[in-house]
Every structure is written in structure tokens, then in C-alpha cells.
Amino acid sequence: MMDRLDVTVEDLKEAILENIKNQFRKTIDQASKEQIFQALAFAVRDIIIDQWIETHKTYDEVDPKTVYYLSMEFLMGRALGNSIINMKVDKVVKEVCEELSIDLNAIEDMEPDPGLGNGGLGRLAACFLDSLSTLEFPAYGCGIRYRYGIFEQKIIDGYQVERPDEWLKNGNPFEVRRDEYGVEVRFFGDVRVLKTPNGRDKFIQENYQSVKAVPYDIPIVGYDNNTVNTLRLWDAEALVKFDLESFDRGEYHKAVEQENLAKSIVEVLYPNDNHYRGKELRLKQQYFFVSATVQQVINKFKQKHADIHELPDKVAFHINDTHPSLTIPELMRILLDEEELEWEEAWDITTKTCAYTNHTIMSEALEKWPIELLSRLLPRIYMIIEEINRRFCLSLVNEFHLDKEQIDKMSIIMNGQIKMAFMCIVGSHCVNGVAVLHTEILKKEELKEFYNIYPGKFNNKTNGITQRRFLLEANPKLADFITDLIGDEWITSLTHIKKLDQYVDDEQEQKEFMKIKYDNKVRLGKYIKKHNNIEVDPRSIFDVQIKRLHEYKRQLMNILHVMYLYNKLLENPDLDMIPRTFIFGAKAAPGYTRAKLIIKLINNVADRINNDTNIKNKIKVVFIENYNVSNAEIIIAAADVSEQISTASKEASGTGNMKLMLNGAITIGTMDGANIEIVEEVGEENCFIFGMTSEEVINLQHENSYNPWDIYNNNEDIRKVVTQLINGFYAPDDPDLFREIYDSLLDGYGGRPDPYFILKDFDSYKEAHKKIDATYANQRKWAKMAMLNTANSGKFSSDRTILQYANEIWKLKKTEVIMEK
Ligand code: 26W
């Protein structure tokens, strides 16, 4: 059998056997699963390499404009299965595995899940890279090669326990170290100002410490084309090697210092999501990968171009949230101090090259670095930020005629702090939000002062997801079903999936659709049995909430509702309801005590309910340990109900909502983030919408009139559930265990009521769940709704999103790669 790329079964088989022999001195029957994984991964990498080389040869010849997507996080998920699918060698690989009696799924499970990200922002970056390659846009992802990614979550006695994620323990077959592109990055020291004969100041950083940044490249394979772009992750090394020579020269101390600095910078991903902490090491990480990227891009540009003013024609830097915001002053530093441009021309180039995406309006997520810290760590960069701010404030007076109070609100530097989002807005030509509502809130509320002076800079780019990983790979049965009915264009052009519309009333196809969902539920059921030792019934409704644990996402409201249902069942075990399996997956930031207590609550509720034989298995509660991209793929394919229940206005977009919709799960959700656009596409009648609108939430916040006690006093069901938090019902040995959660609902925020309005939305949430139950009872109706969700998910492909970024922000051109035979 031959496939694209002329990869034959024989060739691949031989490559695998050779790899096993040469690397492990074994035959295939002697090799472990891990060794077979390594052998297969290297064989696949060998297939990728030729296209990778050809892609960069093409870029070298065509010299197209290229985007550098700078991000502290890339939540890639496993590479092997995805590369096989995107290279379209899946049939060949399957055949080889059959011939060699290899269980491909078991081998794929040997690959560690590279978790170099926290949640939505990191996974979005990964989806974007997939789309950039598939759409043949020249692109690099630029980030950090963390030794340890997001912690591995263990649940012990119901509590989250964090373990280090040693993803590089057995090496990474997909990375290539590129020593030749190493650059030096400098920290600390002082800046000496020299007057040159032509009157220009020259700035010299002295007494600094430095590290060497060395890139590791990872291939990003486009779907069914020859494009292989690069994810470039920077590692840090000591510049002065710790050797005898330096020891002799008395540089012992310096060598050790450099080793330590280098090692610490790339050690670990910060596990905070939506919560800023002003840690020095994090600022080092940020400057480290930003400076390495910008330096290397300028070096490359100068090899081909004599005039640095042309930089914006060839390079776009994209700043993924404020974490890489130092791109702006670092580019200014190079243009001023090394290229010796005047401020105005340097600023013109910088603003034309940089664009910024905002991913959150949670005020505790906004980065504000203390002047003391930033100026000590990066003295020259701080001088540049000061000058950026001085000129910006001057323009507020002269151009925009603002008064002192208004300027104080907008100043990048204020009260000893540097506001990174403000610097990004001032230093970029383009600022975008990630869903329509989010962008409107930025323009009208959070950033309105900036929108007033720069209305043209602001725009929306609604997030998207890649259907290749989250349908084609994660749900092969549904993918085949769709392709059989409407062809395979949806794989590269998701709007085609709309053609499913014509089958949503067809009883036969409805049955087939539900059968596939059932099979996927069986698959997830096995995973749950293996990992949680809980039996779940695939005929029950699989109700799924998977996302980072955060109060604004309201996992607490979900579990309170489960507690309420359980109370109803205790009163009447014969209660007419369709059995429900409530599935949670969530990591909490290790320092976020309340979030961790909510995990403990979910697990205690699960324990009690799952072991109560009185309720006849009508409810099961499952907390999936260590939620990550790999188990997400299994959960998403099996979900009937998608919980998207954030307090309206708080979730910038959400992307899990899109993945679940694509797989035929029906949303129970608030009018928040991209849920609004989902409702617009599929129709409100095909979702279960509840709760306050963002307007109502914002008004209630302003009025400051929310009183949860009124609800508590007047609503018996709620009172009962809330009281169970403190009467030992779910913690007999320690009745006060959940008191902190109880307080948070009623008046726990320093005497202020719950800012997430859980009790306020509870009743309408409960009603929405009742509708779910009634609708599921009518299987044909449910099937139709679920199919309509899949059919109307076309807008939410990251291909659409990336096309908008490429056309409207980065101005990229498709650059086709043609393989020479
Ligand atoms: C500095 C600490 C910190 C760390 C991560 C602050 C903020 C973040 C991220 C911006 C949080 C995040 O992942 N935001 C999510 O971004 C997704 C992609 O745009 C959105 O879909 C989610 O709604 C948003 O919460």
C-alpha cells in the first residue's frame, strides 16, 4: 500500500525495526512499549524532516512575511498521533502496526503529554500553530522549553496533590537542538551613558549577568500539504562553561552564578492561571525568551535585508497576552542602541511590527511589575519604558488634550508599578479581544480610555479550535460518519460541516449519531473504571465540566446543584429522572486554597453519592485526575452536556465550549464569552441558556445591592444545600471543613457578598437542568439538537480565526511548499 509522500508499508516497517535494533539492540518482540514508541516516533520524524527542510528552503527563496507568535505557553498535547494524521500516513501506520502486532493506541499512550501551558491561552496557541501550517502561512511559535510543564495532579483522599511533570525524562524524539542559533541574554548590571562625538548618547550595560539561549525546534505539520512550520522553544545555558580554564582564571564564581541563573530560568512553568504574582523569576523567563526571539529574528532579517526600516514588511511579532510584552522595549533597544536609529523611526517600526491580544478581563490577572524589580533586573529596558511613557503622556496632553486625572489613569507607570497591558496597547498597531462580548467589554469598560484615543486599534478575533485534533483525531467514529455523509472537506474547511443539516431529521442517521456517542461513552467509561474505579452507565447523560478550576467558572455552582439533586433523590428515591453522570476535570493553581477546597468538596460529594445504594445509581459523580489534552480528547468525544456556566462577563471566550459543541454536546451555559456566538450559530432552542446577562451582572456590581442572605432565607432547597456545607453532611469527621466555601457564598469576600453570584443564578441553572432531563427523554429530539450543534460549529475553527489574523493583522501571504521529487 502506498500513501501520500510515497511512504510504503515496507519502508516504514523497516525503519521501525532498524530503530529498535540500532537504539536498543533488540528485536521487536523483545522491545518494551516505550521502546516501540521511540522507534515509531523517530521513524515518523524522519518522514517529516524532508518536508520541514523543504518548507524552510521555500521560505528562504520566497522571503515571505513571517509571524512570530510569542507565548509563554504552548499546550501542545501529544505529537505522534497528530503528526501521523496531518501527514496522512495513518493508513500506512495502521497497516504496519497490524503486521507487527503493535497496539497503536497503547504505543501512543507512551508519549508524555507536553503540558507547557495552563489552560485556554496555551491551548489556543497550539491550535493556532496547527492552523497556520495547514493554511500554509509562514510562522514560528516562540516560547520556553520548560524542564517541567504543568504539574501532574494526583487526588489523594480527595485532595489535589501536585507532582513534578518530568516530560523530558526519556528525551523528546520530536525536537532538534539548534546550537547555531544561540544568542546571549543579559540581566542586571548598570547602564553607562557615553556621549559620542556626533552628540548621540550611547548606552552601555555593564556588570551584567548573562545566559545563553539555545533553541530547540519542534515541527508543526500542516494537514495534507508540505508545510512544516516550527515551534521554537528556548533553553538556557551558562555562557561561560564551568571548566578548568575559567576556574584557573578565577572565574569560578561567575561560572557557578551563570549555571544557576540558566538552570533556574527554564526550570518550570508557573502554574497560575488568571492570577498574577510579581515573581522575579517569572520576569526573567519573560525577558529571556522575548530577547532571544527578537535578537534572532533581527539577525536573520539582516542577513537578507540592508534596510532595517523594512522590518514590518517581513516580520510580525504577536504578543499573546501581556506575558511577552517586553518584545516592545526589547525591539526598541535593538533599534536604538544597536541599529542606532532615532527614537521616532524606531518607534514607527516597533508599533508597525507588534500586535497584542488580550485574553482576560479579570483584574487580578493583569500584570503590573514593580519599578524596583524591573529596573534592577533590566536597567536599559526600564529606561526605554520610561521614555515610551514620557512621550505617551506628552501625547495625551498635546494631541488628545486630556487633564491630569485622565492621564494618571492611563499612564503606563503609576504608583511604583508598570502596567504591561497599557504598554502593549501603546506599542502595538493592533489590539484584539477573543470574542465579540469580550472585545465590547474591553472597548466600553476595561480599556475605554484607550479605545477613546485609539479607536482604530481595537478589533475582535473570536477564538477557534482545530477540528483536526478535536474531531478527526479525538473522535474517529464521528469523523468517519460525517465524511461518509458529506465528504471530507470539513477537515480543512469546517463551514462545510453545515451540510449535516440535511440529516438531522433522518431517524436512521440520528440513531447512528447516538450510537457513536454511546460507543465513545463506553470508551470513557473504561477510562473511568481504570482510573477512578467507578462504574458509570453509558446510558446515563454524561454531563461534563472540564477547565481550570476558578471561582468565576463556577464549578461550585455545578456541585451544589448535584447536592440539590441528591437531596431530592433522598426524599424520593423513585424520582423520575434520567440517570446522570457528572464529570469534572480541573487543575487548581497550587496556591489557590479555595479552588483546592472546591476540588475536595467535589470528591467528598462523589464519595458519598457514588456509594449510596438508595438512589439506584441515578447520579454518579466523577472527578478525572490530571485533566490534560490527552484525556480531554477522550472526554470531549463522550460528552452529552457541556457545562459553560461562568458568571456572565468573566469568561473572555472559552474554547472548550467549541470543542464540545463540535462533538455534539449540548451547551448548558450563561450568555458569556463565545457562548453568545455559539447560541447565535446554533439557535437558543438548541442550547440550555440560563442566568444573568453580562449587563445585569455589571449593573448589580455597580449597584452593590446583591444580598445572598435573602435568597438563602427564602429558598428552602438552596438553604438545605448550603447548610450541608457546614453540618458535616459531606465531612462527618470535620464539619467545619467546607465552612470557608459556605462563607464565600454568603459574605466571605472580606464581608462582601460572592462576586460570582452563585446563589443568584442557582434557580435558573436548576431549571435549565430540568429541561435537559426532559429533552433527553425524547431521544430523537436530543439527537437532532446534538447533530445541529455539530452542524453549526463551522465558525469555530481556528482556521477561520487564523485567516482573520493573517489577513487583517499580520498581512501574511500563503506560501505553498512544493516538494522536489
Ligand atoms: C499572570 C498570570 C496569568 C496567567 C495566565 C494571567 C492570565 C493568564 C491567561 C491569559 C489566562 C487564560 O488562559 N485566559 C483564557 O484565554 C482563552 C484563550 O483566549 C479564553 O478562551 C479564556 O476565556 C480565557 O480565560
# chains A, B, ... in the order shown; residues from 1 in each chain; ligands from 1

$ closest_atom_pairs --of "chain A" --to "ligand 1" --cutoff "6 Å" --atoms "only C-alpha atoms and all ligand atoms" --output "JSON lines"
{"residue": "A:Gly119", "atom": "CA", "partner": "ligand 1", "partner_atom_place_in_ligand_line": "13 (O)", "distance": 5.1}
{"residue": "A:Gly120", "atom": "CA", "partner": "ligand 1", "partner_atom_place_in_ligand_line": "17 (C)", "distance": 3.9}
{"residue": "A:Leu121", "atom": "CA", "partner": "ligand 1", "partner_atom_place_in_ligand_line": "13 (O)", "distance": 3.7}
{"residue": "A:Leu124", "atom": "CA", "partner": "ligand 1", "partner_atom_place_in_ligand_line": "18 (C)", "distance": 5.6}
{"residue": "A:Asn272", "atom": "CA", "partner": "ligand 1", "partner_atom_place_in_ligand_line": "4 (C)", "distance": 5.4}
{"residue": "A:Asp273", "atom": "CA", "partner": "ligand 1", "partner_atom_place_in_ligand_line": "4 (C)", "distance": 4.0}
{"residue": "A:Asn274", "atom": "CA", "partner": "ligand 1", "partner_atom_place_in_ligand_line": "6 (C)", "distance": 3.7}
{"residue": "A:His275", "atom": "CA", "partner": "ligand 1", "partner_atom_place_in_ligand_line": "2 (C)", "distance": 4.4}
{"residue": "A:Tyr276", "atom": "CA", "partner": "ligand 1", "partner_atom_place_in_ligand_line": "1 (C)", "distance": 3.9}
{"residue": "A:Asp321", "atom": "CA", "partner": "ligand 1", "partner_atom_place_in_ligand_line": "10 (C)", "distance": 5.8}
{"residue": "A:His359", "atom": "CA", "partner": "ligand 1", "partner_atom_place_in_ligand_line": "16 (O)", "distance": 4.7}
{"residue": "A:Thr360", "atom": "CA", "partner": "ligand 1", "partner_atom_place_in_ligand_line": "14 (N)", "distance": 5.4}
{"residue": "A:Ala365", "atom": "CA", "partner": "ligand 1", "partner_atom_place_in_ligand_line": "6 (C)", "distance": 4.3}
{"residue": "A:Glu367", "atom": "CA", "partner": "ligand 1", "partner_atom_place_in_ligand_line": "1 (C)", "distance": 5.9}
{"residue": "A:Val434", "atom": "CA", "partner": "ligand 1", "partner_atom_place_in_ligand_line": "19 (O)", "distance": 5.5}
{"residue": "A:Glu651", "atom": "CA", "partner": "ligand 1", "partner_atom_place_in_ligand_line": "23 (O)", "distance": 4.4}
{"residue": "A:Ala652", "atom": "CA", "partner": "ligand 1", "partner_atom_place_in_ligand_line": "23 (O)", "distance": 3.8}
{"residue": "A:Ser653", "atom": "CA", "partner": "ligand 1", "partner_atom_place_in_ligand_line": "23 (O)", "distance": 3.9}
{"residue": "A:Gly654", "atom": "CA", "partner": "ligand 1", "partner_atom_place_in_ligand_line": "21 (O)", "distance": 3.4}
{"residue": "A:Thr655", "atom": "CA", "partner": "ligand 1", "partner_atom_place_in_ligand_line": "21 (O)", "distance": 4.9}

$ residues_around --residues "segment 398-408 of chain A" --least-positions-apart "4" --cutoff "12 Å" --atoms "only C-alpha atoms" --output "PyMOL selection string"
chain A and resi 389-394+412-415+419+448-450+452-454

$ write_last_selection --atoms "all heavy atoms" --output "compact mmCIF listing (two decimals), in the first residue's frame"
# COMPACT_ATOMS: atom_id res chain seq x y z
N ASN A 389 6.73 55.96 28.05
CA ASN A 389 5.65 56.54 28.84
C ASN A 389 5.68 58.06 28.83
O ASN A 389 4.65 58.72 28.73
CB ASN A 389 5.71 56.02 30.28
CG ASN A 389 4.46 56.39 31.04
OD1 ASN A 389 3.35 56.24 30.54
ND2 ASN A 389 4.64 56.90 32.26
N ARG A 390 6.90 58.61 28.89
CA ARG A 390 7.02 60.08 28.87
C ARG A 390 6.41 60.64 27.59
O ARG A 390 5.60 61.56 27.61
CB ARG A 390 8.50 60.48 28.97
CG ARG A 390 8.73 61.97 29.25
CD ARG A 390 10.19 62.35 29.20
NE ARG A 390 10.76 62.27 27.87
CZ ARG A 390 10.60 63.19 26.91
NH1 ARG A 390 9.89 64.28 27.14
NH2 ARG A 390 11.14 63.01 25.71
N ARG A 391 6.77 60.05 26.48
CA ARG A 391 6.25 60.53 25.20
C ARG A 391 4.74 60.27 25.07
O ARG A 391 4.01 61.09 24.51
CB ARG A 391 7.00 59.85 24.04
CG ARG A 391 8.42 60.36 23.89
CD ARG A 391 9.21 59.54 22.90
NE ARG A 391 10.58 60.00 22.82
CZ ARG A 391 11.07 60.69 21.77
NH1 ARG A 391 10.33 60.97 20.75
NH2 ARG A 391 12.35 61.08 21.78
N PHE A 392 4.30 59.11 25.60
CA PHE A 392 2.87 58.79 25.54
C PHE A 392 2.06 59.82 26.34
O PHE A 392 1.08 60.39 25.84
CB PHE A 392 2.63 57.37 26.06
CG PHE A 392 1.18 57.04 26.27
CD1 PHE A 392 0.27 57.06 25.21
CD2 PHE A 392 0.70 56.70 27.54
CE1 PHE A 392 -1.07 56.76 25.41
CE2 PHE A 392 -0.64 56.40 27.74
CZ PHE A 392 -1.53 56.44 26.66
N CYS A 393 2.51 60.09 27.56
CA CYS A 393 1.78 61.06 28.39
C CYS A 393 1.78 62.45 27.76
O CYS A 393 0.79 63.18 27.83
CB CYS A 393 2.36 61.10 29.81
SG CYS A 393 2.03 59.58 30.73
N LEU A 394 2.91 62.78 27.14
CA LEU A 394 3.00 64.06 26.43
C LEU A 394 1.95 64.13 25.32
O LEU A 394 1.28 65.15 25.13
CB LEU A 394 4.41 64.19 25.84
CG LEU A 394 5.02 65.59 25.78
CD1 LEU A 394 5.10 66.19 27.18
CD2 LEU A 394 6.43 65.51 25.17
N ILE A 412 1.43 54.50 31.80
CA ILE A 412 1.97 53.13 31.86
C ILE A 412 2.65 52.91 33.22
O ILE A 412 2.59 51.81 33.78
CB ILE A 412 2.98 52.90 30.70
CG1 ILE A 412 2.27 53.05 29.36
CG2 ILE A 412 3.65 51.53 30.82
CD1 ILE A 412 3.21 53.10 28.15
N ILE A 413 3.27 53.96 33.72
CA ILE A 413 3.93 53.85 35.03
C ILE A 413 3.15 54.68 36.04
O ILE A 413 2.89 55.86 35.82
CB ILE A 413 5.38 54.36 34.95
CG1 ILE A 413 6.14 53.61 33.86
CG2 ILE A 413 6.09 54.20 36.30
CD1 ILE A 413 7.55 54.12 33.60
N MET A 414 2.74 54.05 37.13
CA MET A 414 1.96 54.77 38.14
C MET A 414 2.09 54.06 39.49
O MET A 414 2.09 52.82 39.52
CB MET A 414 0.48 54.82 37.68
CG MET A 414 -0.47 55.65 38.52
SD MET A 414 0.07 57.31 39.03
CE MET A 414 0.14 58.22 37.53
N ASN A 415 2.23 54.82 40.53
CA ASN A 415 2.32 54.27 41.90
C ASN A 415 3.36 53.16 42.02
O ASN A 415 3.10 52.11 42.60
CB ASN A 415 0.96 53.71 42.35
CG ASN A 415 -0.09 54.81 42.42
OD1 ASN A 415 0.24 55.97 42.70
ND2 ASN A 415 -1.33 54.46 42.15
N LYS A 419 2.39 49.08 34.15
CA LYS A 419 1.20 48.34 33.71
C LYS A 419 1.42 47.82 32.30
O LYS A 419 1.41 48.58 31.32
CB LYS A 419 -0.02 49.26 33.78
CG LYS A 419 -0.26 49.76 35.20
CD LYS A 419 -1.45 50.67 35.27
CE LYS A 419 -1.66 51.13 36.71
NZ LYS A 419 -2.74 52.12 36.81
N LYS A 448 -11.63 51.54 28.16
CA LYS A 448 -12.36 52.54 27.39
C LYS A 448 -11.54 53.81 27.13
O LYS A 448 -11.63 54.39 26.05
CB LYS A 448 -13.71 52.87 28.02
CG LYS A 448 -13.69 53.39 29.44
CD LYS A 448 -15.10 53.90 29.83
CE LYS A 448 -15.11 54.44 31.24
NZ LYS A 448 -15.37 53.36 32.24
N GLU A 449 -10.69 54.17 28.08
CA GLU A 449 -9.89 55.38 27.90
C GLU A 449 -8.97 55.23 26.68
O GLU A 449 -8.74 56.19 25.94
CB GLU A 449 -9.03 55.66 29.14
CG GLU A 449 -9.81 56.08 30.38
CD GLU A 449 -10.37 54.92 31.19
OE1 GLU A 449 -10.07 53.75 30.84
OE2 GLU A 449 -11.11 55.18 32.16
N PHE A 450 -8.45 54.02 26.51
CA PHE A 450 -7.55 53.78 25.37
C PHE A 450 -8.35 53.68 24.07
O PHE A 450 -7.91 54.14 23.02
CB PHE A 450 -6.73 52.51 25.61
CG PHE A 450 -5.68 52.72 26.66
CD1 PHE A 450 -5.96 52.48 28.01
CD2 PHE A 450 -4.41 53.19 26.33
CE1 PHE A 450 -5.00 52.69 28.98
CE2 PHE A 450 -3.45 53.41 27.30
CZ PHE A 450 -3.74 53.15 28.64
N ASN A 452 -11.00 55.25 23.43
CA ASN A 452 -11.38 56.61 23.03
C ASN A 452 -10.30 57.30 22.22
O ASN A 452 -10.59 58.03 21.28
CB ASN A 452 -11.70 57.46 24.26
CG ASN A 452 -13.03 57.05 24.89
OD1 ASN A 452 -13.86 56.43 24.22
ND2 ASN A 452 -13.22 57.36 26.17
N ILE A 453 -9.04 57.07 22.59
CA ILE A 453 -7.99 57.77 21.82
C ILE A 453 -7.49 56.96 20.62
O ILE A 453 -7.02 57.52 19.65
CB ILE A 453 -6.79 58.19 22.72
CG1 ILE A 453 -6.09 56.96 23.33
CG2 ILE A 453 -7.24 59.16 23.80
CD1 ILE A 453 -4.70 57.29 23.87
N TYR A 454 -7.57 55.63 20.69
CA TYR A 454 -7.11 54.79 19.56
C TYR A 454 -8.24 53.87 19.07
O TYR A 454 -8.07 52.65 19.06
CB TYR A 454 -5.96 53.88 20.00
CG TYR A 454 -4.72 54.49 20.58
CD1 TYR A 454 -4.12 53.92 21.71
CD2 TYR A 454 -4.07 55.58 19.98
CE1 TYR A 454 -2.94 54.42 22.25
CE2 TYR A 454 -2.89 56.09 20.52
CZ TYR A 454 -2.33 55.50 21.65
OH TYR A 454 -1.17 56.00 22.17

$ residues_around --residues "Arg178 of chain A" --least-positions-apart "5" --cutoff "10 Å" --atoms "only C-alpha atoms" --output "list of chain:residue names"
A:Val214, A:Pro215, A:Tyr216, A:Asp217, A:Arg232, A:Trp234

$ write_last_selection --atoms "N, CA, C and O atoms" --output "PDB file, in the first residue's frame"
ATOM      1  N   VAL A 214      19.478  28.813  23.796  1.00  0.00           N
ATOM      2  CA  VAL A 214      19.661  27.853  22.698  1.00  0.00           C
ATOM      3  C   VAL A 214      18.298  27.311  22.277  1.00  0.00           C
ATOM      4  O   VAL A 214      17.558  26.783  23.100  1.00  0.00           O
ATOM      5  N   PRO A 215      17.975  27.441  20.994  1.00  0.00           N
ATOM      6  CA  PRO A 215      16.644  26.971  20.572  1.00  0.00           C
ATOM      7  C   PRO A 215      16.569  25.464  20.316  1.00  0.00           C
ATOM      8  O   PRO A 215      17.518  24.861  19.822  1.00  0.00           O
ATOM      9  N   TYR A 216      15.429  24.897  20.675  1.00  0.00           N
ATOM     10  CA  TYR A 216      15.060  23.534  20.285  1.00  0.00           C
ATOM     11  C   TYR A 216      13.849  23.668  19.372  1.00  0.00           C
ATOM     12  O   TYR A 216      12.855  24.288  19.763  1.00  0.00           O
ATOM     13  N   ASP A 217      13.942  23.107  18.184  1.00  0.00           N
ATOM     14  CA  ASP A 217      12.857  23.248  17.214  1.00  0.00           C
ATOM     15  C   ASP A 217      11.980  22.004  17.188  1.00  0.00           C
ATOM     16  O   ASP A 217      12.483  20.879  17.203  1.00  0.00           O
ATOM     17  N   ARG A 232       9.597  27.011  18.163  1.00  0.00           N
ATOM     18  CA  ARG A 232      10.967  27.211  18.643  1.00  0.00           C
ATOM     19  C   ARG A 232      10.942  27.473  20.152  1.00  0.00           C
ATOM     20  O   ARG A 232      10.472  28.520  20.604  1.00  0.00           O
ATOM     21  N   TRP A 234      13.033  27.929  23.648  1.00  0.00           N
ATOM     22  CA  TRP A 234      14.385  28.318  24.069  1.00  0.00           C
ATOM     23  C   TRP A 234      14.783  27.641  25.370  1.00  0.00           C
ATOM     24  O   TRP A 234      14.039  27.654  26.341  1.00  0.00           O
TER      25      TRP A 234
END

$ atom_distance --atom1 "atom CA of Gln724 of chain A" --atom2 "atom CA of Leu601 of chain A"
11.1 Å

$ select_by_dssp --residues "segment 191-291 of chain A" --states "alpha helix (DSSP H)" --output "PyMOL selection string"
chain A and resi 244-248+252-265+280-291

$ residues_around --residues "Ile541 of chain A" --least-positions-apart "3" --cutoff "8 Å" --atoms "only C-alpha atoms" --output "ChimeraX atom specification"
/A:538,578-581,640-641,776

$ residues_around --residues "Met563 of chain A" --least-positions-apart "2" --cutoff "9 Å" --atoms "only C-alpha atoms" --output "ChimeraX atom specification"
/A:558-561,565-568,605,609,721,724

$ write_last_selection --atoms "N, CA and C atoms" --output "compact mmCIF listing (two decimals), in the first residue's frame"
# COMPACT_ATOMS: atom_id res chain seq x y z
N ASN A 558 -22.08 24.04 40.03
CA ASN A 558 -22.37 22.72 39.47
C ASN A 558 -22.50 21.69 40.60
N ILE A 559 -21.53 21.67 41.50
CA ILE A 559 -21.58 20.63 42.54
C ILE A 559 -22.71 20.91 43.55
N LEU A 560 -23.01 22.19 43.78
CA LEU A 560 -24.16 22.50 44.65
C LEU A 560 -25.45 21.96 44.02
N HIS A 561 -25.53 22.05 42.71
CA HIS A 561 -26.71 21.52 42.04
C HIS A 561 -26.78 20.00 42.15
N LEU A 565 -29.83 17.82 43.76
CA LEU A 565 -30.48 16.66 43.13
C LEU A 565 -30.46 15.45 44.07
N TYR A 566 -29.35 15.29 44.72
CA TYR A 566 -29.18 14.17 45.66
C TYR A 566 -30.20 14.29 46.80
N ASN A 567 -30.38 15.50 47.30
CA ASN A 567 -31.39 15.72 48.34
C ASN A 567 -32.77 15.31 47.85
N LYS A 568 -33.07 15.67 46.60
CA LYS A 568 -34.37 15.31 46.04
C LYS A 568 -34.52 13.80 45.96
N VAL A 605 -18.42 14.83 47.81
CA VAL A 605 -19.79 14.61 47.32
C VAL A 605 -19.81 13.34 46.47
N ILE A 609 -22.21 10.08 47.25
CA ILE A 609 -23.28 9.75 46.31
C ILE A 609 -23.00 8.42 45.59
N VAL A 721 -29.00 22.91 50.88
CA VAL A 721 -27.71 22.58 50.26
C VAL A 721 -26.57 23.36 50.90
N GLN A 724 -25.63 22.14 54.25
CA GLN A 724 -24.88 20.89 54.21
C GLN A 724 -23.37 21.11 54.09
